[in-house]
file upload-v3.cif (mmCIF, C-alpha atoms)
data_input
#
loop_
_atom_site.label_atom_id
_atom_site.label_comp_id
_atom_site.auth_asym_id
_atom_site.auth_seq_id
_atom_site.Cartn_x
_atom_site.Cartn_y
_atom_site.Cartn_z
CA MET A 1 96.61 43.29 57.67
CA ASP A 2 99.07 42.43 54.87
CA GLY A 3 96.33 42.23 52.27
CA LYS A 4 94.25 39.76 54.26
CA LEU A 5 90.50 40.14 54.71
CA ASN A 6 89.55 40.74 58.35
CA CYS A 7 86.63 38.48 59.31
CA ILE A 8 83.97 38.30 62.03
CA VAL A 9 81.73 35.27 62.61
CA ILE A 10 78.30 35.50 64.26
CA ASP A 11 76.23 32.35 64.90
CA ASP A 12 74.28 31.25 67.96
CA GLU A 13 75.49 27.66 67.48
CA LYS A 14 78.99 27.19 68.87
CA HIS A 15 79.90 24.34 66.51
CA ALA A 16 78.90 26.51 63.50
CA VAL A 17 81.20 29.30 64.73
CA GLU A 18 84.03 26.82 65.28
CA LEU A 19 83.61 25.40 61.77
CA LEU A 20 83.92 28.80 60.09
CA VAL A 21 86.80 29.77 62.38
CA ASP A 22 88.63 26.61 61.26
CA TYR A 23 87.99 27.44 57.60
CA ILE A 24 89.23 30.99 58.11
CA ASP A 25 92.39 29.69 59.78
CA ILE A 26 93.08 27.39 56.83
CA LEU A 27 92.83 30.04 54.13
CA PRO A 28 95.95 32.26 54.04
CA ASN A 29 94.12 35.35 52.77
CA LEU A 30 91.72 35.54 55.74
CA ASN A 31 92.21 36.82 59.27
CA LEU A 32 89.75 36.24 62.12
CA ILE A 33 89.39 39.24 64.42
CA LYS A 34 86.24 38.37 66.44
CA SER A 35 83.53 35.73 66.81
CA PHE A 36 80.19 35.76 68.65
CA THR A 37 77.46 33.31 69.62
CA ASP A 38 75.22 36.11 70.93
CA PRO A 39 73.89 38.55 68.32
CA LEU A 40 73.28 41.27 70.93
CA SER A 41 76.90 41.01 72.07
CA ALA A 42 78.00 41.30 68.44
CA LEU A 43 75.86 44.40 68.04
CA MET A 44 77.49 46.05 71.05
CA ASN A 45 81.08 44.99 70.36
CA ILE A 46 81.64 45.51 66.64
CA SER A 47 82.87 48.97 65.74
CA LEU A 48 84.22 50.82 62.73
CA GLU A 49 87.66 50.70 64.34
CA ASP A 50 87.73 46.92 63.78
CA ASN A 51 88.32 47.60 60.07
CA THR A 52 86.19 44.61 59.20
CA ASP A 53 86.18 43.30 55.65
CA VAL A 54 83.78 40.34 55.95
CA ILE A 55 81.05 39.55 58.47
CA PHE A 56 79.50 36.07 58.44
CA ILE A 57 76.02 36.14 60.02
CA ASP A 58 73.63 33.29 60.72
CA VAL A 59 70.07 34.27 59.86
CA ASP A 60 67.97 32.39 62.42
CA MET A 61 69.18 33.41 65.89
CA PRO A 62 67.36 34.02 69.21
CA GLY A 63 66.98 37.58 70.50
CA MET A 64 67.77 39.19 67.16
CA THR A 65 67.60 37.80 63.65
CA GLY A 66 70.60 37.96 61.38
CA ILE A 67 68.65 40.22 59.03
CA ASP A 68 67.99 42.76 61.79
CA LEU A 69 71.59 42.53 62.97
CA ALA A 70 72.85 43.05 59.42
CA LEU A 71 70.82 46.25 59.13
CA ALA A 72 72.71 47.63 62.12
CA LEU A 73 76.14 46.36 61.07
CA ARG A 74 76.15 46.71 57.28
CA HIS A 75 78.01 50.03 57.33
CA LYS A 76 80.74 48.49 59.49
CA THR A 77 81.88 45.90 56.96
CA ARG A 78 82.81 45.88 53.29
CA TYR A 79 81.30 42.47 52.58
CA LEU A 80 78.38 40.66 54.18
CA VAL A 81 77.85 36.88 54.00
CA PHE A 82 74.76 35.17 55.39
CA THR A 83 74.84 31.55 56.55
CA SER A 84 71.63 29.60 57.00
CA ALA A 85 70.12 26.13 56.84
CA HIS A 86 67.13 27.61 54.99
CA SER A 87 66.98 29.15 51.52
CA ARG A 88 63.76 31.05 52.29
CA TYR A 89 65.68 33.95 53.84
CA ALA A 90 67.75 34.63 50.70
CA ILE A 91 65.55 37.42 49.32
CA ASP A 92 65.56 39.25 52.67
CA ALA A 93 69.33 38.77 52.90
CA PHE A 94 70.06 40.41 49.58
CA GLY A 95 67.62 43.14 50.57
CA VAL A 96 70.22 44.27 53.12
CA GLN A 97 73.00 44.22 50.49
CA ALA A 98 74.43 40.80 51.24
CA ASN A 99 77.27 39.75 48.97
CA GLU A 100 76.83 36.01 49.45
CA TYR A 101 74.34 33.51 50.93
CA LEU A 102 75.75 30.18 52.08
CA LEU A 103 73.42 27.27 52.78
CA LYS A 104 74.36 24.96 55.64
CA PRO A 105 75.97 22.49 55.87
CA ILE A 106 78.91 24.52 54.61
CA SER A 107 81.73 22.44 53.16
CA MET A 108 85.30 23.66 52.89
CA SER A 109 85.08 23.64 49.10
CA LYS A 110 81.88 25.71 49.12
CA PHE A 111 83.44 28.17 51.57
CA ALA A 112 86.69 28.44 49.58
CA LEU A 113 84.84 29.09 46.31
CA MET A 114 82.81 31.84 47.96
CA ILE A 115 85.96 33.46 49.35
CA ASP A 116 87.54 33.27 45.89
CA ARG A 117 84.57 35.23 44.50
CA LEU A 118 84.93 37.86 47.21
CA ILE A 119 88.66 38.20 46.60
CA LYS A 120 88.11 38.66 42.87
CA LEU A 121 85.44 41.27 43.62
CA ASP A 122 87.82 42.98 46.03
CA GLU A 123 90.60 43.03 43.44
CA ALA A 124 88.24 44.45 40.80
CA ILE A 125 87.10 47.21 43.16
CA LYS A 126 90.70 48.11 44.02
CA LYS A 127 91.70 48.07 40.37
CA GLU A 128 88.86 50.42 39.52
CA ALA A 129 89.79 52.72 42.41
CA ASP A 130 93.40 52.80 41.21
CA LYS A 131 92.43 54.04 37.77
CA GLU A 132 93.41 57.64 37.24
CA ASP A 133 90.33 59.66 36.34
CA TYR A 134 92.24 62.71 35.10
CA PHE A 135 95.45 63.86 33.44
CA PHE A 136 97.27 67.16 32.91
CA ILE A 137 98.28 68.71 29.59
CA LYS A 138 101.03 71.26 29.10
CA THR A 139 100.05 74.45 27.27
CA ASP A 140 102.21 76.63 25.05
CA GLN A 141 102.72 78.97 28.00
CA VAL A 142 105.71 78.40 30.28
CA GLN A 143 104.87 76.27 33.33
CA LYS A 144 101.14 76.33 32.63
CA TYR A 145 99.23 73.05 32.87
CA ILE A 146 95.53 72.27 32.49
CA LYS A 147 93.77 69.43 34.28
CA VAL A 148 91.46 67.29 32.13
CA ASN A 149 88.91 65.17 34.02
CA LEU A 150 87.93 62.07 32.06
CA LYS A 151 84.28 62.54 33.02
CA ASP A 152 84.39 65.93 31.25
CA LEU A 153 86.30 64.73 28.19
CA VAL A 154 84.03 64.82 25.13
CA ALA A 155 86.42 64.00 22.30
CA ILE A 156 90.03 64.01 21.14
CA GLU A 157 90.74 65.28 17.63
CA GLY A 158 94.06 64.68 15.91
CA LEU A 159 95.92 67.56 14.23
CA ASN A 160 99.20 66.20 12.84
CA ASN A 161 101.64 66.53 15.79
CA TYR A 162 98.99 68.09 18.03
CA VAL A 163 95.57 67.14 19.37
CA LYS A 164 92.46 69.13 20.13
CA ILE A 165 91.02 68.08 23.48
CA HIS A 166 87.30 68.85 23.56
CA THR A 167 85.82 69.06 27.07
CA VAL A 168 82.50 70.26 28.48
CA ALA A 169 84.24 73.50 29.45
CA GLY A 170 85.92 74.18 26.10
CA MET A 171 88.74 73.11 23.82
CA HIS A 172 92.49 72.84 24.47
CA ILE A 173 95.39 72.14 22.13
CA ALA A 174 98.23 69.93 23.36
CA TYR A 175 101.50 68.73 21.85
CA LEU A 176 100.52 65.06 21.94
CA THR A 177 99.70 62.35 19.42
CA MET A 178 96.52 60.31 19.04
CA LYS A 179 98.54 57.19 19.82
CA GLU A 180 99.68 58.65 23.15
CA LEU A 181 96.13 59.63 24.12
CA GLU A 182 94.75 56.27 23.02
CA ALA A 183 97.31 54.51 25.23
CA LYS A 184 96.29 56.73 28.15
CA LEU A 185 92.61 55.78 27.72
CA GLU A 186 93.26 52.07 27.12
CA GLY A 187 90.92 49.90 29.19
CA ASN A 188 88.39 52.69 29.73
CA ASP A 189 85.16 51.52 28.08
CA SER A 190 83.75 55.06 27.96
CA PHE A 191 86.03 55.97 25.05
CA ILE A 192 86.01 54.60 21.52
CA ARG A 193 88.01 55.46 18.42
CA VAL A 194 85.69 56.20 15.51
CA GLN A 195 88.18 57.31 12.89
CA ARG A 196 91.88 57.98 12.47
CA SER A 197 91.55 61.53 13.82
CA PHE A 198 88.87 61.07 16.50
CA ILE A 199 88.43 59.34 19.84
CA ILE A 200 85.06 60.13 21.42
CA SER A 201 83.38 59.60 24.78
CA THR A 202 80.32 57.38 24.42
CA ASP A 203 78.81 59.31 27.35
CA PHE A 204 78.48 62.39 25.13
CA ILE A 205 76.97 60.83 22.00
CA ASN A 206 73.80 62.73 21.15
CA LYS A 207 72.76 60.95 17.96
CA VAL A 208 74.03 58.84 15.07
CA GLU A 209 72.87 59.52 11.52
CA GLY A 210 74.35 57.36 8.81
CA ALA A 211 78.11 57.81 8.98
CA PHE A 212 78.00 60.86 11.25
CA ILE A 213 78.07 61.01 15.05
CA THR A 214 76.84 64.16 16.77
CA LEU A 215 78.16 64.82 20.25
CA ASN A 216 76.52 66.87 23.01
CA ASN A 217 78.78 69.84 22.30
CA LYS A 218 77.35 69.88 18.73
CA LEU A 219 80.61 68.52 17.35
CA GLU A 220 79.84 66.35 14.29
CA VAL A 221 82.28 63.48 13.79
CA PRO A 222 82.43 61.44 10.57
CA LEU A 223 82.70 57.69 11.17
CA GLY A 224 85.79 56.19 9.56
CA THR A 225 85.42 53.07 7.39
CA THR A 226 88.04 51.14 9.37
CA TYR A 227 86.19 51.75 12.63
CA LYS A 228 82.58 51.24 11.46
CA LYS A 229 82.27 47.57 12.43
CA HIS A 230 83.54 48.14 15.97
CA PHE A 231 81.39 51.23 16.50
CA PHE A 232 78.18 49.68 15.21
CA SER A 233 78.82 46.60 17.35
CA PHE A 234 78.95 48.91 20.39
CA LEU A 235 75.82 50.72 19.17
CA ASP A 236 73.93 47.45 18.65
CA LYS A 237 74.67 46.33 22.22
CA LYS A 238 73.37 49.62 23.60
CA THR A 239 70.24 49.83 21.44
CA LEU A 240 66.94 49.06 23.15
CA ARG A 241 64.55 47.11 20.94
CA SER A 242 60.99 45.93 21.36
CA ASN A 243 60.24 42.20 21.39
CA ARG A 244 56.69 42.76 20.15
CA GLY A 245 55.81 40.70 17.13
CA ILE A 246 58.44 38.06 17.90
CA SER A 247 56.78 34.67 18.44
CA GLU A 248 57.83 32.79 21.53
#

call {"tool": "encode", "arguments": {"input": "upload-v3.cif", "output": "structure tokens"}}
result
Amino acid sequence: MDGKLNCIVIDDEKHAVELLVDYIDILPNLNLIKSFTDPLSALMNISLEDNTDVIFIDVDMPGMTGIDLALALRHKTRYLVFTSAHSRYAIDAFGVQANEYLLKPISMSKFALMIDRLIKLDEAIKKEADKEDYFFIKTDQVQKYIKVNLKDLVAIEGLNNYVKIHTVAGMHIAYLTMKELEAKLEGNDSFIRVQRSFIISTDFINKVEGAFITLNNKLEVPLGTTYKKHFFSFLDKKTLRSNRGISE
């Protein structure tokens, strides 16, 4: 509904339902579609067709606990938020893939901050989904194009006005520049430029020896001086080290 998050509230206490309903009405990016004070009724009357984005569930309810109810409803909502007066249920709540755990009493500010976190998470998920995970290159044959999946892209090698595109299936030559390919891959953390003529996929690094990087396709890439600092910073972050011998 116009970018709003569709919400359902489940709590056996009527005043608790009314409070969350009021909060939902106040925030412009939320839309209430259903509310329940009986967990069994919620179980029977929530369906995939509701297109639910967020379900708020109280933990301690008669007849069926919020944890048990969440197990049955988790696949029917994108986000799950538990509400409870007790913190002791938090571990169980996150065990059923809860996104948030709100302790009662729930203030408007606490509720609004939680919704802000969910909206940012939602935007990040959508942004990631919108990323193109492939591109096409034109070959030297008339009207022939080859699809390159980013997950299969091992390296890009510059050749003056052309580039060699190394993939798990083989190598292709395209009339493109390194600058154009670098712009295409901008924002994708799986790719790193290691010299003027090479962009590589970090997923396919096999080993690093001195100033040479060997990729899984046995391609050996020399590390350029200009790019050493950035590459070794990446390598340092990804290197697992033992803490043995370090005094606490």

call {"tool": "resolve_selection", "arguments": {"input": "upload-v3.cif", "expression": "the PyMOL selection byres ((chain A and resi 77) around 8)", "output": "VMD selection string"}}
result
chain A and resid 48 51 to 55 73 to 76 78 to 80

call {"tool": "write_last_selection", "arguments": {"input": "upload-v3.cif", "atoms": "C-alpha atoms", "output": "mmCIF file, keeping the file's coordinate frame"}}
result
data_model
loop_
_atom_site.group_PDB
_atom_site.id
_atom_site.type_symbol
_atom_site.label_atom_id
_atom_site.label_comp_id
_atom_site.auth_asym_id
_atom_site.auth_seq_id
_atom_site.Cartn_x
_atom_site.Cartn_y
_atom_site.Cartn_z
ATOM 1 C CA LEU A 48 84.220 50.820 62.730
ATOM 2 C CA ASN A 51 88.320 47.600 60.070
ATOM 3 C CA THR A 52 86.190 44.610 59.200
ATOM 4 C CA ASP A 53 86.180 43.300 55.650
ATOM 5 C CA VAL A 54 83.780 40.340 55.950
ATOM 6 C CA ILE A 55 81.050 39.550 58.470
ATOM 7 C CA LEU A 73 76.140 46.360 61.070
ATOM 8 C CA ARG A 74 76.150 46.710 57.280
ATOM 9 C CA HIS A 75 78.010 50.030 57.330
ATOM 10 C CA LYS A 76 80.740 48.490 59.490
ATOM 11 C CA ARG A 78 82.810 45.880 53.290
ATOM 12 C CA TYR A 79 81.300 42.470 52.580
ATOM 13 C CA LEU A 80 78.380 40.660 54.180
#

call {"tool": "closest_residue", "arguments": {"input": "upload-v3.cif", "among": "A:Val154, A:Ile119, A:Asn160, A:Ala85", "to": "Leu103 (chain A)", "atoms": "only C-alpha atoms"}}
result
A:Ala85

call {"tool": "closest_residue", "arguments": {"input": "upload-v3.cif", "among": "A:Val17, A:Ile146, A:Ile8, A:Ile205", "to": "Leu43 (chain A)", "atoms": "all atoms listed in the file"}}
result
A:Ile8

call {"tool": "resolve_selection", "arguments": {"input": "upload-v3.cif", "expression": "the PyMOL selection byres ((chain A and resi 35) around 6)", "output": "list in words"}}
result
Ile8, Val9, Ile10, Lys34 and Phe36 of chain A

call {"tool": "residues_around", "arguments": {"input": "upload-v3.cif", "residues": "Tyr101 (chain A)", "least_positions_apart": "5", "cutoff": "10 Å", "atoms": "all atoms listed in the file", "output": "number ranges by chain"}}
result
A: 56-59, 80-84, 87, 89-91, 93-94, 114

call {"tool": "write_last_selection", "arguments": {"input": "upload-v3.cif", "atoms": "C-alpha atoms", "output": "PDB file, in the coordinates of the input"}}
result
ATOM      1  CA  PHE A  56      79.500  36.070  58.440  1.00  0.00           C
ATOM      2  CA  ILE A  57      76.020  36.140  60.020  1.00  0.00           C
ATOM      3  CA  ASP A  58      73.630  33.290  60.720  1.00  0.00           C
ATOM      4  CA  VAL A  59      70.070  34.270  59.860  1.00  0.00           C
ATOM      5  CA  LEU A  80      78.380  40.660  54.180  1.00  0.00           C
ATOM      6  CA  VAL A  81      77.850  36.880  54.000  1.00  0.00           C
ATOM      7  CA  PHE A  82      74.760  35.170  55.390  1.00  0.00           C
ATOM      8  CA  THR A  83      74.840  31.550  56.550  1.00  0.00           C
ATOM      9  CA  SER A  84      71.630  29.600  57.000  1.00  0.00           C
ATOM     10  CA  SER A  87      66.980  29.150  51.520  1.00  0.00           C
ATOM     11  CA  TYR A  89      65.680  33.950  53.840  1.00  0.00           C
ATOM     12  CA  ALA A  90      67.750  34.630  50.700  1.00  0.00           C
ATOM     13  CA  ILE A  91      65.550  37.420  49.320  1.00  0.00           C
ATOM     14  CA  ALA A  93      69.330  38.770  52.900  1.00  0.00           C
ATOM     15  CA  PHE A  94      70.060  40.410  49.580  1.00  0.00           C
ATOM     16  CA  MET A 114      82.810  31.840  47.960  1.00  0.00           C
TER      17      MET A 114
END

call {"tool": "resolve_selection", "arguments": {"input": "upload-v3.cif", "expression": "the PyMOL selection byres ((chain A and resi 165-176) around 12)", "output": "ChimeraX atom specification"}}
result
/A:135-141,144-164,177-184,197-201,203-204,215-219

call {"tool": "closest_residue", "arguments": {"input": "upload-v3.cif", "among": "A:Leu118, A:Val208, A:Leu69, A:Leu5", "to": "Pro28 (chain A)", "atoms": "all atoms listed in the file"}}
result
A:Leu5

call {"tool": "atom_distance", "arguments": {"input": "upload-v3.cif", "atom1": "CA of Ala124 (chain A)", "atom2": "CA of Thr202 (chain A)"}}
result
22.3 Å

call {"tool": "atom_distance", "arguments": {"input": "upload-v3.cif", "atom1": "CA of Gly63 (chain A)", "atom2": "CA of Ser41 (chain A)"}}
result
10.6 Å

call {"tool": "closest_residue", "arguments": {"input": "upload-v3.cif", "among": "A:Leu223, A:Met44, A:Leu19, A:Leu185", "to": "Lys104 (chain A)", "atoms": "all atoms listed in the file"}}
result
A:Leu19

call {"tool": "atom_distance", "arguments": {"input": "upload-v3.cif", "atom1": "CA of Arg196 (chain A)", "atom2": "CA of Gly224 (chain A)"}}
result
7.0 Å

call {"tool": "closest_residue", "arguments": {"input": "upload-v3.cif", "among": "A:Met64, A:Ala112, A:Ile46, A:Leu40", "to": "Ile24 (chain A)", "atoms": "all atoms listed in the file"}}
result
A:Ala112

call {"tool": "axis_aligned_box", "arguments": {"input": "upload-v3.cif", "around": "region 35-52 of chain A", "padding_each_side": "5 Å", "output": "lines of an AutoDock Vina configuration file"}}
result
center_x = 80.8
center_y = 42.1
center_z = 65.6
size_x = 25.0
size_y = 27.5
size_z = 22.9

call {"tool": "decode", "arguments": {"input": "upload-v3.cif", "residues": "region 71-83 of chain A", "atoms": "N, CA and C atoms", "output": "CSV table (one decimal), in the first residue's frame"}}
result
chain,number,residue,atom,x,y,z
A,71,LEU,N,6.0,-19.2,15.6
A,71,LEU,CA,6.4,-20.4,14.8
A,71,LEU,C,5.5,-20.7,13.7
A,72,ALA,N,4.2,-20.5,13.9
A,72,ALA,CA,3.2,-20.8,12.9
A,72,ALA,C,3.0,-19.7,11.9
A,73,LEU,N,3.3,-18.4,12.3
A,73,LEU,CA,3.0,-17.3,11.5
A,73,LEU,C,4.3,-16.7,10.8
A,74,ARG,N,5.4,-17.1,11.2
A,74,ARG,CA,6.7,-16.4,10.7
A,74,ARG,C,6.8,-16.3,9.2
A,75,HIS,N,6.3,-17.4,8.5
A,75,HIS,CA,6.4,-17.3,7.1
A,75,HIS,C,5.4,-16.4,6.4
A,76,LYS,N,4.5,-15.9,7.2
A,76,LYS,CA,3.4,-15.0,6.7
A,76,LYS,C,3.7,-13.5,6.9
A,77,THR,N,4.9,-13.2,7.4
A,77,THR,CA,5.2,-11.8,7.6
A,77,THR,C,6.7,-11.6,7.3
A,78,ARG,N,7.0,-10.4,6.8
A,78,ARG,CA,8.4,-10.1,6.5
A,78,ARG,C,9.2,-9.8,7.8
A,79,TYR,N,8.6,-9.1,8.7
A,79,TYR,CA,9.2,-8.7,10.0
A,79,TYR,C,8.4,-9.2,11.2
A,80,LEU,N,9.1,-9.6,12.2
A,80,LEU,CA,8.4,-10.0,13.4
A,80,LEU,C,8.9,-9.3,14.6
A,81,VAL,N,8.0,-8.7,15.4
A,81,VAL,CA,8.3,-7.9,16.6
A,81,VAL,C,7.6,-8.4,17.8
A,82,PHE,N,8.4,-8.8,18.8
A,82,PHE,CA,7.8,-9.3,20.0
A,82,PHE,C,7.6,-8.2,21.0
A,83,THR,N,6.5,-8.2,21.8
A,83,THR,CA,6.3,-7.2,22.8
A,83,THR,C,6.1,-8.0,24.1
